[in-house]
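Visitor: One file is attached below, work_6.cif, containing mmCIF, C-alpha atoms.
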data_start
loop_
_atom_site.label_atom_id
_atom_site.label_comp_id
_atom_site.auth_asym_id
_atom_site.auth_seq_id
_atom_site.Cartn_x
_atom_site.Cartn_y
_atom_site.Cartn_z
CA MET A 47 25.49 121.40 -3.84
CA ASN A 48 22.72 119.06 -2.75
CA LEU A 49 21.07 120.66 0.28
CA PRO A 50 17.41 120.56 1.37
CA GLU A 51 15.29 123.51 0.31
CA THR A 52 14.21 125.54 3.29
CA GLU A 53 12.23 128.64 4.21
CA LYS A 54 14.66 129.32 7.03
CA LYS A 55 17.63 131.59 6.64
CA ARG A 56 20.74 129.68 5.56
CA ILE A 57 23.95 130.35 7.48
CA ILE A 58 27.09 129.02 5.79
CA ILE A 59 30.24 128.67 7.87
CA ILE A 60 33.52 128.13 6.02
CA GLY A 61 36.02 126.46 8.34
CA GLY A 62 35.80 123.91 11.16
CA GLY A 63 38.45 125.34 13.46
CA PHE A 64 37.91 126.80 16.93
CA ALA A 65 35.84 129.75 15.68
CA GLY A 66 33.66 127.80 13.24
CA ILE A 67 32.93 124.97 15.70
CA SER A 68 32.25 127.39 18.57
CA LEU A 69 29.78 129.31 16.40
CA ALA A 70 28.01 126.23 15.04
CA LYS A 71 27.58 124.64 18.50
CA LYS A 72 25.95 127.79 19.85
CA LEU A 73 23.51 127.94 16.91
CA LYS A 74 21.66 124.93 18.34
CA ASN A 75 18.49 126.88 19.21
CA VAL A 76 18.62 129.39 16.34
CA SER A 77 15.91 128.95 13.70
CA ALA A 78 18.22 128.66 10.69
CA GLN A 79 19.71 126.07 8.36
CA VAL A 80 23.38 125.78 9.28
CA VAL A 81 25.88 124.52 6.70
CA LEU A 82 29.54 124.04 7.61
CA ILE A 83 32.07 123.54 4.80
CA ASP A 84 35.60 122.31 5.42
CA LYS A 85 38.25 120.51 3.36
CA ARG A 86 38.73 118.10 6.30
CA ASN A 87 35.98 116.15 8.02
CA TYR A 88 37.47 116.67 11.47
CA HIS A 89 38.26 119.44 13.91
CA THR A 90 41.91 119.63 15.01
CA PHE A 91 42.98 120.73 18.48
CA GLN A 92 46.01 122.61 17.17
CA PRO A 93 47.66 123.44 20.54
CA LEU A 94 48.60 119.75 20.90
CA LEU A 95 49.83 119.17 17.34
CA TYR A 96 53.40 119.38 18.58
CA GLN A 97 52.79 116.29 20.73
CA VAL A 98 51.76 114.34 17.62
CA SER A 99 54.97 115.53 15.94
CA THR A 100 57.09 114.33 18.85
CA SER A 101 55.42 110.92 19.41
CA GLY A 102 53.54 111.89 22.55
CA LEU A 103 50.06 111.43 21.10
CA GLU A 104 48.38 109.72 18.17
CA PRO A 105 46.47 112.05 15.82
CA ASP A 106 43.03 110.67 16.69
CA SER A 107 43.61 111.96 20.25
CA ILE A 108 43.45 115.57 19.10
CA ALA A 109 41.08 115.28 16.12
CA TYR A 110 37.31 114.84 16.28
CA PRO A 111 34.75 114.26 13.49
CA ILE A 112 32.89 117.47 12.71
CA ARG A 113 29.63 115.60 12.12
CA LYS A 114 29.88 114.07 15.60
CA VAL A 115 30.67 117.41 17.26
CA LEU A 116 27.58 119.03 15.74
CA ARG A 117 25.14 116.13 15.44
CA LYS A 118 22.76 117.60 18.03
CA LEU A 119 21.91 120.55 15.78
CA SER A 120 18.45 119.99 14.31
CA ASP A 121 19.03 121.50 10.85
CA PHE A 122 22.77 121.10 10.37
CA HIS A 123 24.58 119.95 7.22
CA PHE A 124 28.29 119.32 6.77
CA ARG A 125 29.94 119.31 3.37
CA TRP A 126 33.46 117.97 2.86
CA ALA A 127 34.64 120.36 0.17
CA LYS A 128 37.34 122.83 -0.80
CA VAL A 129 36.07 126.37 -1.26
CA ASP A 130 37.32 127.91 -4.50
CA ARG A 131 35.76 131.35 -4.26
CA VAL A 132 32.92 133.43 -2.90
CA ASP A 133 30.58 135.53 -5.05
CA PRO A 134 29.16 138.20 -2.69
CA ALA A 135 27.04 139.79 -5.43
CA ARG A 136 25.13 136.52 -6.02
CA GLN A 137 25.48 135.41 -2.40
CA GLU A 138 27.07 132.15 -3.52
CA VAL A 139 29.92 129.96 -2.34
CA HIS A 140 31.68 127.97 -5.08
CA THR A 141 33.40 124.71 -4.08
CA ASP A 142 34.82 121.63 -5.78
CA MET A 143 31.49 119.94 -4.95
CA GLY A 144 29.33 122.62 -6.50
CA SER A 145 27.81 125.96 -5.54
CA VAL A 146 25.47 126.97 -2.75
CA ARG A 147 23.56 130.17 -1.94
CA TYR A 148 23.60 131.77 1.46
CA ASP A 149 21.67 134.34 3.44
CA TYR A 150 24.51 134.78 5.89
CA LEU A 151 28.13 133.80 5.34
CA VAL A 152 30.74 133.36 8.05
CA MET A 153 34.42 133.18 7.14
CA ALA A 154 36.26 131.09 9.75
CA THR A 155 39.10 129.87 7.55
CA GLY A 156 41.88 130.54 10.07
CA THR A 157 45.49 130.82 8.97
CA ARG A 158 48.14 129.08 6.94
CA THR A 159 51.92 129.05 7.34
CA ASN A 160 53.64 132.25 6.26
CA PHE A 161 57.03 131.78 4.59
CA PHE A 162 57.36 135.52 3.88
CA GLY A 163 57.96 134.93 0.18
CA ASN A 164 61.01 132.69 0.65
CA THR A 165 60.41 129.99 -1.96
CA ASP A 166 63.42 127.83 -0.98
CA ILE A 167 62.30 127.64 2.62
CA GLN A 168 58.72 126.98 1.54
CA GLU A 169 59.88 124.08 -0.62
CA HIS A 170 62.15 122.41 1.92
CA ALA A 171 60.92 123.37 5.40
CA MET A 172 58.51 121.33 7.52
CA PRO A 173 55.47 123.38 8.60
CA MET A 174 53.17 122.22 11.39
CA LYS A 175 49.61 123.50 10.92
CA THR A 176 47.76 120.25 10.21
CA VAL A 177 47.65 116.64 11.39
CA PRO A 178 49.31 115.31 8.19
CA GLN A 179 52.12 117.83 8.60
CA ALA A 180 52.61 116.80 12.24
CA LEU A 181 52.78 113.16 11.16
CA ASN A 182 55.32 114.10 8.49
CA ILE A 183 57.56 115.63 11.17
CA ARG A 184 57.21 112.53 13.34
CA SER A 185 58.04 110.22 10.45
CA LEU A 186 61.01 112.31 9.32
CA MET A 187 62.40 112.47 12.86
CA LEU A 188 62.21 108.70 13.36
CA GLN A 189 63.46 107.93 9.83
CA ASN A 190 66.48 110.14 10.39
CA PHE A 191 67.28 108.42 13.66
CA GLU A 192 67.10 105.04 11.93
CA LYS A 193 69.44 106.31 9.22
CA ALA A 194 71.82 107.80 11.79
CA ASP A 195 71.95 104.48 13.66
CA ASP A 196 73.23 102.86 10.46
CA SER A 197 75.55 105.65 9.30
CA PRO A 198 79.33 105.31 9.75
CA LYS A 199 79.96 108.97 8.83
CA GLU A 200 79.98 111.46 11.67
CA SER A 201 79.11 114.43 9.42
CA GLU A 202 76.07 112.59 8.04
CA ARG A 203 74.91 111.57 11.52
CA MET A 204 75.27 115.12 12.80
CA ALA A 205 73.03 116.43 10.00
CA LEU A 206 70.46 113.67 10.59
CA LEU A 207 70.41 114.38 14.32
CA ASN A 208 70.42 118.17 14.09
CA PHE A 209 66.94 119.63 14.74
CA CYS A 210 66.46 123.26 13.75
CA ILE A 211 63.25 125.10 14.65
CA VAL A 212 62.60 128.60 13.34
CA GLY A 213 60.27 130.73 15.42
CA ALA A 214 60.32 130.89 19.23
CA GLY A 215 56.64 131.49 19.76
CA PRO A 216 54.60 128.96 21.79
CA THR A 217 54.73 126.32 19.03
CA GLY A 218 58.49 126.57 18.54
CA VAL A 219 59.20 126.60 22.28
CA GLU A 220 56.94 123.61 22.93
CA LEU A 221 58.48 121.67 20.03
CA ALA A 222 62.02 122.39 21.20
CA GLY A 223 61.16 121.30 24.74
CA ALA A 224 59.51 118.08 23.50
CA PHE A 225 62.54 117.19 21.33
CA ALA A 226 64.79 117.82 24.33
CA GLU A 227 62.69 115.48 26.47
CA LEU A 228 63.00 112.79 23.79
CA LYS A 229 66.76 113.26 23.76
CA ARG A 230 66.97 113.02 27.53
CA ASN A 231 64.50 110.22 28.33
CA VAL A 232 63.57 108.17 25.27
CA PHE A 233 66.18 107.98 22.52
CA PRO A 234 69.04 106.77 24.77
CA LYS A 235 66.99 103.60 25.40
CA ASP A 236 65.89 103.13 21.78
CA TYR A 237 69.25 103.85 20.16
CA GLN A 238 71.76 102.42 22.60
CA HIS A 239 74.56 102.31 20.02
CA LEU A 240 74.19 105.96 19.06
CA ASN A 241 75.97 108.77 20.81
CA ILE A 242 72.85 110.75 21.74
CA ASP A 243 75.01 113.78 22.50
CA GLU A 244 75.30 114.15 18.73
CA MET A 245 71.63 115.17 18.70
CA GLU A 246 71.35 118.96 18.82
CA ILE A 247 68.27 121.15 19.09
CA HIS A 248 68.52 124.71 17.79
CA LEU A 249 65.80 127.33 18.22
CA PHE A 250 66.03 130.46 16.05
CA GLU A 251 64.21 133.70 16.79
CA GLY A 252 64.40 137.04 15.00
CA SER A 253 63.53 139.10 18.08
CA ASP A 254 65.51 139.51 21.29
CA ARG A 255 63.59 136.92 23.37
CA VAL A 256 61.57 133.74 23.18
CA LEU A 257 57.78 133.88 23.62
CA ALA A 258 57.72 137.54 22.58
CA PRO A 259 53.89 137.85 22.97
CA MET A 260 54.18 136.89 26.66
CA SER A 261 55.59 138.88 29.56
CA PRO A 262 59.38 139.39 29.89
CA LYS A 263 59.26 137.33 33.09
CA ALA A 264 57.64 134.36 31.30
CA SER A 265 60.06 134.75 28.41
CA LYS A 266 63.09 134.69 30.72
CA ARG A 267 61.80 131.63 32.57
CA ALA A 268 61.04 129.76 29.36
CA GLN A 269 64.52 130.47 28.01
CA HIS A 270 66.03 129.26 31.29
CA PHE A 271 63.99 126.03 31.11
CA LEU A 272 65.00 125.42 27.50
CA GLU A 273 68.68 126.01 28.16
CA ARG A 274 68.60 123.63 31.12
CA LEU A 275 67.17 121.02 28.75
CA GLY A 276 70.09 121.57 26.37
CA VAL A 277 68.33 123.60 23.67
CA LYS A 278 70.63 126.05 21.88
CA ILE A 279 68.81 129.35 21.43
CA HIS A 280 69.74 131.86 18.72
CA LEU A 281 68.11 135.24 19.38
CA ASN A 282 68.19 138.23 17.01
CA THR A 283 68.88 135.73 14.24
CA ILE A 284 67.08 135.58 10.90
CA VAL A 285 67.19 132.35 8.90
CA LYS A 286 67.53 133.49 5.30
CA ASP A 287 67.67 130.24 3.35
CA TYR A 288 67.46 126.45 3.48
CA ASN A 289 68.08 124.16 0.51
CA GLY A 290 67.17 120.85 2.12
CA GLU A 291 70.59 120.36 3.71
CA VAL A 292 72.22 123.72 4.48
CA LEU A 293 70.62 126.37 6.65
CA THR A 294 71.92 129.92 6.12
CA MET A 295 71.53 132.73 8.66
CA ASP A 296 71.55 136.48 8.08
CA ASN A 297 75.08 136.78 9.48
CA GLY A 298 76.37 134.34 6.84
CA THR A 299 76.74 131.40 9.24
CA THR A 300 75.65 128.02 7.89
CA MET A 301 74.51 124.81 9.53
CA TYR A 302 73.86 121.32 8.18
CA THR A 303 70.55 119.77 9.10
CA LYS A 304 68.03 117.27 7.75
CA ASN A 305 65.35 118.42 10.20
CA PHE A 306 64.17 121.97 9.54
CA ILE A 307 60.84 122.98 11.08
CA TRP A 308 59.22 126.35 10.35
CA THR A 309 56.96 127.92 13.00
CA ALA A 310 57.94 131.54 12.33
CA GLY A 311 54.60 132.99 11.33
CA VAL A 312 51.13 132.68 9.87
CA THR A 313 48.98 134.57 7.40
CA GLY A 314 45.25 134.55 6.88
CA ALA A 315 43.83 131.70 4.78
CA MET A 316 42.03 134.04 2.39
CA VAL A 317 39.39 132.90 -0.11
CA ALA A 318 39.12 134.41 -3.59
CA GLY A 319 36.23 136.70 -4.45
CA PHE A 320 36.78 139.67 -2.15
CA GLU A 321 38.12 143.13 -2.92
CA THR A 322 41.22 144.46 -1.19
CA ASP A 323 39.01 147.01 0.59
CA ASN A 324 37.49 144.11 2.56
CA PHE A 325 40.74 142.90 4.12
CA VAL A 326 44.15 144.01 5.39
CA GLU A 327 46.30 142.96 2.46
CA HIS A 328 49.66 142.41 4.18
CA LEU A 329 47.99 140.28 6.89
CA ASN A 330 45.36 138.55 4.73
CA ARG A 331 42.78 139.20 7.46
CA PHE A 332 39.26 140.55 6.96
CA LYS A 333 38.54 144.00 8.32
CA VAL A 334 35.61 143.53 10.67
CA ASN A 335 33.59 145.86 12.88
CA SER A 336 32.65 145.19 16.49
CA PHE A 337 29.89 142.81 15.30
CA ASN A 338 32.38 140.78 13.22
CA GLN A 339 30.81 142.03 9.98
CA VAL A 340 33.27 142.17 7.09
CA ALA A 341 33.89 145.71 5.82
CA GLY A 342 31.44 146.51 3.02
CA TYR A 343 28.89 143.78 3.84
CA GLU A 344 26.00 143.36 6.26
CA ASN A 345 25.52 139.61 5.74
CA ILE A 346 29.16 138.43 5.63
CA PHE A 347 31.02 137.90 8.88
CA ALA A 348 34.52 136.78 9.83
CA VAL A 349 35.58 135.20 13.14
CA GLY A 350 38.78 133.87 14.61
CA ASP A 351 42.28 134.24 13.20
CA ILE A 352 41.02 135.50 9.84
CA ALA A 353 39.22 138.47 11.47
CA TYR A 354 41.00 141.77 12.12
CA MET A 355 39.07 143.85 14.63
CA GLU A 356 40.70 147.05 15.84
CA THR A 357 39.69 148.11 19.34
CA GLU A 358 41.08 150.50 21.94
CA ALA A 359 42.51 147.56 23.88
CA TYR A 360 43.75 145.77 20.73
CA PRO A 361 44.71 148.41 18.14
CA LYS A 362 46.49 145.75 16.05
CA GLY A 363 43.70 143.20 16.23
CA HIS A 364 43.17 140.33 18.63
CA PRO A 365 45.91 137.72 19.06
CA GLN A 366 45.64 134.78 16.67
CA VAL A 367 45.12 132.12 19.32
CA ALA A 368 42.25 129.87 20.35
CA GLN A 369 40.48 132.02 22.95
CA PRO A 370 39.54 135.02 20.73
CA ALA A 371 38.31 132.55 18.09
CA ILE A 372 36.16 130.61 20.57
CA GLN A 373 34.73 133.78 22.10
CA GLN A 374 34.01 135.43 18.75
CA GLY A 375 32.25 132.31 17.49
CA ALA A 376 30.03 132.06 20.57
CA HIS A 377 29.31 135.80 20.51
CA LEU A 378 28.34 135.78 16.83
CA ALA A 379 25.87 132.94 17.52
CA ARG A 380 24.24 135.21 20.09
CA ASN A 381 24.06 138.02 17.52
CA PHE A 382 22.51 135.67 14.95
CA ARG A 383 19.82 134.91 17.51
CA HIS A 384 19.25 138.66 17.84
CA LEU A 385 19.11 139.09 14.06
CA MET A 386 16.49 136.35 13.69
CA GLN A 387 14.40 138.06 16.37
CA GLY A 388 14.77 141.53 14.88
CA ARG A 389 16.81 142.79 17.83
CA PRO A 390 20.03 144.87 17.59
CA MET A 391 23.38 143.08 17.68
CA ILE A 392 25.79 143.41 20.60
CA PRO A 393 29.43 144.52 20.10
CA PHE A 394 32.09 141.91 20.78
CA LYS A 395 34.41 142.39 23.74
CA TYR A 396 37.32 140.01 24.26
CA PHE A 397 37.97 138.65 27.73
CA ASP A 398 41.65 137.79 28.02
CA LYS A 399 41.94 134.61 30.11
CA GLY A 400 45.73 134.61 29.96
CA THR A 401 48.52 133.02 27.95
CA MET A 402 50.55 129.91 28.63
CA ALA A 403 53.18 127.66 27.11
CA THR A 404 54.78 124.41 28.22
CA VAL A 405 58.50 123.81 27.89
CA GLY A 406 58.80 120.22 29.08
CA ARG A 407 58.19 117.91 31.99
CA ASN A 408 57.13 119.95 35.05
CA LYS A 409 58.03 123.14 33.19
CA ALA A 410 55.61 125.76 31.85
CA VAL A 411 54.94 129.49 32.04
CA VAL A 412 51.60 131.19 32.62
CA ASP A 413 50.64 134.86 32.21
CA LEU A 414 47.38 135.87 33.86
CA LYS A 415 46.05 139.40 34.17
CA LYS A 416 47.62 140.02 37.57
CA PHE A 417 49.91 137.03 38.05
CA ARG A 418 53.00 135.60 36.33
CA PHE A 419 54.37 132.24 37.34
CA GLY A 420 56.15 129.16 36.04
CA GLY A 421 57.34 125.67 36.92
CA PHE A 422 55.31 122.69 38.11
CA VAL A 423 52.15 124.62 39.08
CA ALA A 424 52.08 126.34 35.67
CA TRP A 425 52.65 122.99 33.97
CA PHE A 426 49.73 121.44 35.90
CA ILE A 427 47.44 124.35 34.94
CA TRP A 428 48.55 124.06 31.32
CA MET A 429 47.60 120.36 31.29
CA PHE A 430 44.23 120.96 32.95
CA ILE A 431 43.26 123.78 30.57
CA HIS A 432 44.22 121.78 27.47
CA LEU A 433 42.30 118.73 28.66
CA TRP A 434 39.28 120.90 29.39
CA PHE A 435 39.14 122.40 25.91
CA LEU A 436 39.70 119.14 24.01
CA VAL A 437 36.61 118.15 22.03
CA GLY A 438 35.04 114.87 23.12
CA PHE A 439 35.14 112.84 26.34
CA ARG A 440 37.03 110.01 24.60
CA ASN A 441 39.82 112.35 23.51
CA ARG A 442 40.16 113.76 27.02
CA VAL A 443 40.45 110.27 28.50
CA ILE A 444 42.99 109.09 25.90
CA VAL A 445 45.16 112.19 26.25
CA PHE A 446 45.00 112.03 30.05
CA PHE A 447 46.10 108.39 30.17
CA ASN A 448 48.83 109.06 27.59
CA TRP A 449 50.16 111.88 29.73
CA VAL A 450 50.04 109.75 32.89
CA TYR A 451 51.84 106.90 31.09
CA ASN A 452 54.47 109.27 29.70
CA TYR A 453 54.97 110.90 33.10
CA ILE A 454 55.39 107.64 35.02
CA ASN A 455 57.51 105.81 32.45
CA TYR A 456 59.47 108.74 30.97
CA ASP A 457 58.30 107.42 27.61
CA LYS A 458 56.58 108.46 24.37
CA ALA A 459 54.47 105.57 23.16
CA ALA A 460 53.64 106.76 19.63
CA ARG A 461 57.10 106.25 18.09
CA LEU A 462 55.67 104.75 14.90
CA ILE A 463 56.52 105.39 11.26
CA ILE A 464 53.01 104.73 9.95
CA ARG A 465 53.93 105.93 6.50
CA SER A 466 57.36 107.04 5.45
CA TYR A 467 57.95 110.64 4.52
CA ASN A 468 60.03 111.63 1.52
CA PRO A 469 61.08 115.31 1.67
CA LYS A 470 61.78 115.31 -2.08
CA ALA A 471 58.36 113.95 -3.07
#
What do you get writing this file as structure tokens?
Guide:
Amino acid sequence: MNLPETEKKRIIIIGGGFAGISLAKKLKNVSAQVVLIDKRNYHTFQPLLYQVSTSGLEPDSIAYPIRKVLRKLSDFHFRWAKVDRVDPARQEVHTDMGSVRYDYLVMATGTRTNFFGNTDIQEHAMPMKTVPQALNIRSLMLQNFEKADDSPKESERMALLNFCIVGAGPTGVELAGAFAELKRNVFPKDYQHLNIDEMEIHLFEGSDRVLAPMSPKASKRAQHFLERLGVKIHLNTIVKDYNGEVLTMDNGTTMYTKNFIWTAGVTGAMVAGFETDNFVEHLNRFKVNSFNQVAGYENIFAVGDIAYMETEAYPKGHPQVAQPAIQQGAHLARNFRHLMQGRPMIPFKYFDKGTMATVGRNKAVVDLKKFRFGGFVAWFIWMFIHLWFLVGFRNRVIVFFNWVYNYINYDKAARLIIRSYNPKA
């Protein structure tokens, strides 16, 4: 890999998600050569991916070029590459663009969709972890509505207009609410000759409530909001199979659908080259100490969703959401500054700022340390927080004006099939 020779220590960061970007930005005044490697040249604001899927936003509203985010760093280099493996013994990272040596390595690779070994579901389901996947869902949704508008067969229309979402965490709940808003406010105007009541939205969850990581009060409110919007919720229900047309549940019940979205779980996006002693195998997350050092190494660190740090407050590791990733990245930058100055590192301590999820127009739930509330105020806070953490002033402005337009006009402006999606391709 063609990088300038330097006498400084070289810090390589693998991954441009919340953790990697947070770390790199805070390394601005650290005397080191910083190299960030990612297979995409942009950072994605994943909490708003569902709005790209449901025509609320265009992808460039929630994506930002990595080079632009980090251009103020004096000795920063970005490489658009796919990491094949890491060689800790040689202190090398091997990519499809070549190899590079490191003094310090930071794994910030995040997660990928977990299909729990179900190959049929993996082949036919629609995941939503990346911008292209969100655009695929948008295209499929609009294509199926176009087909339904031209179909004389009721059974075919019902399958085309049946939306099944597996996983009632924040992503699944927000998707279900967004589809319900489309059904209520947008599609009746676009498809005036369709019976919009034929559109059904089903949300499947294996546990006994939606938003299981949140408080029971927030969960109950979110379920109430969804049901008022017409979403059909299936609790204590495991989806066992999907062949592209027929969804099969653990109780033997089947359902026909052409829209099957999987948000039921994630697993660590592990990179080859590490021993099983370095990570928790069933989670694919690196075992790290309180300084985010990977077990067995002093110069390899892991931050964000890929890091598994057991503490008294979090005996099963920190939640795999944005805030722990952002805080770990910023904290590790501080510890790198200490390392360069020969000072001891400081243990990481997570500050829980709360959890929130939106369900639809004027509907959201928020869990803070001492308060639980929902409705319009929660929805307003949810919007403010997400605008605040978006990268780039331009993106904040575009998203804000999109939301204002959608709110005033009860509309979703991005109903475009930019490129068709073929599920069988």
Visitor: By how many Å are atom CA of Arg383 of chain A and atom CA of Lys55 of chain A apart?
Guide: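 These atoms are spaced 11.6 Å apart.
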Visitor: With the PyMOL selection byres ((chain A and resi 314) around 10) as the selection, what would be picked from this file? Answer as a PyMOL selection string, please.
Guide: chain A and resi 155-160+312-313+315-317+325-332+351-354+366
Visitor: Between atom CA of Arg255 of chain A and atom CA of Gln269 of chain A, what distance in Å does the model show, to one decimal?
Guide: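 Those two atoms sit 8.0 Å apart.
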Visitor: Excluding segment 75-79 of chain A and its own-chain neighbours fewer than 6 positions away, which residues fall within 7 Å of it when counting all atoms listed in the file? Please give them as a VMD selection string.
Guide: chain A and resid 54 to 57 121 to 122 383
Visitor: Tell me which residues the PyMOL selection byres ((chain A and resi 154) around 10) grabs here, as a PyMOL selection string.
Guide: chain A and resi 59-67+69+82-84+151-153+155-157+315-316+347-353+371+375
Visitor: Separation of atom CA of Phe225 of chain A and atom CA of Asn164 of chain A, in Å?
Guide: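 Separation of atom CA of Phe225 of chain A and atom CA of Asn164 of chain A: 25.9 Å.
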